[in-house]
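Read the structure below first, then the notes.
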Amino acid sequence: MSLARTAFKFRGPMAPVFTAFKDDPAQTVNYEVIDSYAKWLKERGVDAVLVNGTTGEGMSLSVAERKATAEEWFKACKKYQMTQMVQVGGAPFVDVAELARHAENLGVDAILCLPELYFKPKTEQDLVKYLANVAKNCPKTPLLYYHIPKNTLVDLSMPKFIDLAEKEISNFIGIKYTSNDLAMGCSCLKENRFIFLGGDAILCGALAQGFDSTILTTLNIYPEYTFEIFKSMKNGDFAQARKKQKELLAIIDRILQEGDWVQAMKMEFNRVFHTNIGKTRTPLF
């Protein structure tokens, strides 16, 4: 087993954090709010964060902004004893490589990476080659692939990809799986793999199938529902788990009346958090 695999221990719910923007024409990143944001999550039982992911609008930030955001979250995670994963993909490869080197030098707990978004991989082997090139820039840090085909349009077989990646990339440890195809997701599950579910609406069903880790936007806002679903499923109280899942679904439906996922979720977060973290940045509206 690789050193990277044994170095990463976290399992359970992880929050993909929002990026705060100031109310100025450039929507300058508001780094000052990160410490209180981390403290707020920790007080609500959230022990891990994903930085610069989809919820965090990482692909709408400059390389310098992504680095600075990762650095401020690194300080906060050390202070509040939280696990930090950083998403480095969604940019030209030279920038992805730079972000991967930066994340490793910073000392984050794990790195997550999207596929190439323009010259898209056509096969699972193509995707492995891309991630292997990323891994050369962060060889000592646990590395995961970010599977979100609705956004990337890269919809390859994840079981086949993982089997290949484990053989060819020494620090590869798993994936973030953001898809409603639970059949394929379940085929990815295996002991010592890290498979993070990225679907708030299918949490109960995924846990029933064997998932044990999640990266869910609603953990920022109403983490108690995820925790209750985890607890109820572990205790065999399936009726309570289904009840809480239905309640969470109702909340999600209400939130999405105001827009698409990231925009609407960020608006809801602004209602419950003690500091307004601004609107989403272009290309989101």
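Chain labels follow the order of the structure tokens: the first chain is A, the next B, and so on; residue numbering restarts at 1 in every chain, and ligands are counted from 1 in their shown order.
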
With the cut-off set at 12 Å and counting only C-alpha atoms, tabulate each residue of region 183-218 of chain A with an atom at most that distance from an atom of region 90-113 of chain A, showing the nearest atom pair and its distance in Å to one decimal, ordered by chain and increasing number, as a Markdown table.
```
| residue | atom | partner | partner_atom | distance |
| --- | --- | --- | --- | --- |
| A:Phe194 | CA | A:Ala110 | CA | 11.1 |
| A:Ile195 | CA | A:Leu112 | CA | 11.8 |
| A:Phe196 | CA | A:Leu112 | CA | 10.9 |
| A:Ile215 | CA | A:Leu112 | CA | 11.6 |
```

### Task
Give me the residues within 12 Å of Leu249 (chain A) as a PyMOL selection string, counting only C-alpha atoms and dropping any in the same chain fewer than 6 places off.
chain A and resi 199-204+218+222+225-226+242-243+255-256

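Counting from CA of Phe269 (chain A), the distance to CA of Tyr80 (chain A) is 20.6 Å.
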
#### Entry: For Leu284 (chain A): contacts at 10 Å, only C-alpha atoms, fewer than 2 positions along chain excluded, given as a list of chain:residue names
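The residues that qualify are A:Glu57, A:Ser60, A:Asp260, A:Val262, A:Gln263, A:Lys279, A:Thr280, A:Arg281, A:Thr282.
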
### Message
One decimal, in Å: what's the spacing between CA of Leu156 (chain A) and CA of Leu50 (chain A)?
### Response
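CA of Leu156 (chain A) sits 23.3 Å away from CA of Leu50 (chain A).
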
### Message
Considering only helix (DSSP H, G or I) as DSSP defines it on the backbone, what residues of region 25-131 of chain A qualify? List them as an NGL selection string.
### Response
:A and (31-43 or 58-60 or 63-80 or 93-106 or 124-131)

### Task
Please indicate the distance in Å from CA of Asp181 (chain A) to CA of Glu258 (chain A), rounded to one decimal place.
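A separation of 26.1 Å between them.
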
So which residues touch region 66-77 of chain A within 7 Å, counting only C-alpha atoms, skipping near sequence neighbours fewer than 6 positions away, as a PDB file with N, CA, C and O atoms, in the first residue's frame?
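Just written: selection-v2.pdb:
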```pdb
ATOM      1  N   TYR A  31     -10.890  36.887   1.911  1.00  0.00           N
ATOM      2  CA  TYR A  31     -10.164  35.880   2.673  1.00  0.00           C
ATOM      3  C   TYR A  31     -10.394  36.018   4.176  1.00  0.00           C
ATOM      4  O   TYR A  31     -10.256  35.049   4.920  1.00  0.00           O
ATOM      5  N   ILE A  34     -12.670  33.504   6.198  1.00  0.00           N
ATOM      6  CA  ILE A  34     -12.386  32.062   6.218  1.00  0.00           C
ATOM      7  C   ILE A  34     -12.239  31.512   7.633  1.00  0.00           C
ATOM      8  O   ILE A  34     -12.765  30.439   7.951  1.00  0.00           O
ATOM      9  N   ASP A  35     -11.558  32.219   8.496  1.00  0.00           N
ATOM     10  CA  ASP A  35     -11.369  31.721   9.865  1.00  0.00           C
ATOM     11  C   ASP A  35     -12.708  31.537  10.576  1.00  0.00           C
ATOM     12  O   ASP A  35     -12.961  30.476  11.176  1.00  0.00           O
ATOM     13  N   ALA A  38     -14.635  28.573   9.063  1.00  0.00           N
ATOM     14  CA  ALA A  38     -14.132  27.285   9.542  1.00  0.00           C
ATOM     15  C   ALA A  38     -14.606  27.009  10.969  1.00  0.00           C
ATOM     16  O   ALA A  38     -15.032  25.896  11.293  1.00  0.00           O
ATOM     17  N   VAL A  51     -11.783  22.541  -0.644  1.00  0.00           N
ATOM     18  CA  VAL A  51     -11.565  23.923  -1.064  1.00  0.00           C
ATOM     19  C   VAL A  51     -11.412  23.995  -2.590  1.00  0.00           C
ATOM     20  O   VAL A  51     -10.780  23.131  -3.197  1.00  0.00           O
ATOM     21  N   ASN A  52     -12.007  25.026  -3.196  1.00  0.00           N
ATOM     22  CA  ASN A  52     -11.896  25.293  -4.634  1.00  0.00           C
ATOM     23  C   ASN A  52     -12.575  24.237  -5.498  1.00  0.00           C
ATOM     24  O   ASN A  52     -12.145  23.971  -6.635  1.00  0.00           O
ATOM     25  N   GLY A  58     -14.120  27.220  -7.731  1.00  0.00           N
ATOM     26  CA  GLY A  58     -12.681  27.209  -7.956  1.00  0.00           C
ATOM     27  C   GLY A  58     -12.282  27.515  -9.384  1.00  0.00           C
ATOM     28  O   GLY A  58     -11.255  28.159  -9.632  1.00  0.00           O
ATOM     29  N   THR A  83      -9.655  18.359   8.476  1.00  0.00           N
ATOM     30  CA  THR A  83      -9.011  17.787   7.296  1.00  0.00           C
ATOM     31  C   THR A  83      -9.278  18.704   6.100  1.00  0.00           C
ATOM     32  O   THR A  83     -10.388  19.183   5.914  1.00  0.00           O
ATOM     33  N   GLN A  84      -8.246  18.918   5.270  1.00  0.00           N
ATOM     34  CA  GLN A  84      -8.387  19.790   4.104  1.00  0.00           C
ATOM     35  C   GLN A  84      -8.044  19.047   2.822  1.00  0.00           C
ATOM     36  O   GLN A  84      -6.950  18.518   2.662  1.00  0.00           O
ATOM     37  N   VAL A  86      -7.991  19.867  -1.393  1.00  0.00           N
ATOM     38  CA  VAL A  86      -7.995  20.994  -2.322  1.00  0.00           C
ATOM     39  C   VAL A  86      -8.185  20.485  -3.747  1.00  0.00           C
ATOM     40  O   VAL A  86      -7.498  19.558  -4.175  1.00  0.00           O
ATOM     41  N   LEU A  99      -0.813  24.375  -9.373  1.00  0.00           N
ATOM     42  CA  LEU A  99      -1.690  24.279  -8.202  1.00  0.00           C
ATOM     43  C   LEU A  99      -1.438  22.997  -7.418  1.00  0.00           C
ATOM     44  O   LEU A  99      -1.510  22.989  -6.187  1.00  0.00           O
ATOM     45  N   VAL A 108      -1.408  20.075   2.390  1.00  0.00           N
ATOM     46  CA  VAL A 108      -2.815  19.697   2.534  1.00  0.00           C
ATOM     47  C   VAL A 108      -2.932  18.184   2.689  1.00  0.00           C
ATOM     48  O   VAL A 108      -2.020  17.431   2.350  1.00  0.00           O
TER      49      VAL A 108
END
```

### Message
Calculated over only C-alpha atoms, which of the candidates A:Ser36, A:Thr123, A:Ser179, A:Asn30 has the smallest distance to Lys160 (chain A)?
### Response
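Nearest to Lys160 (chain A): A:Thr123.
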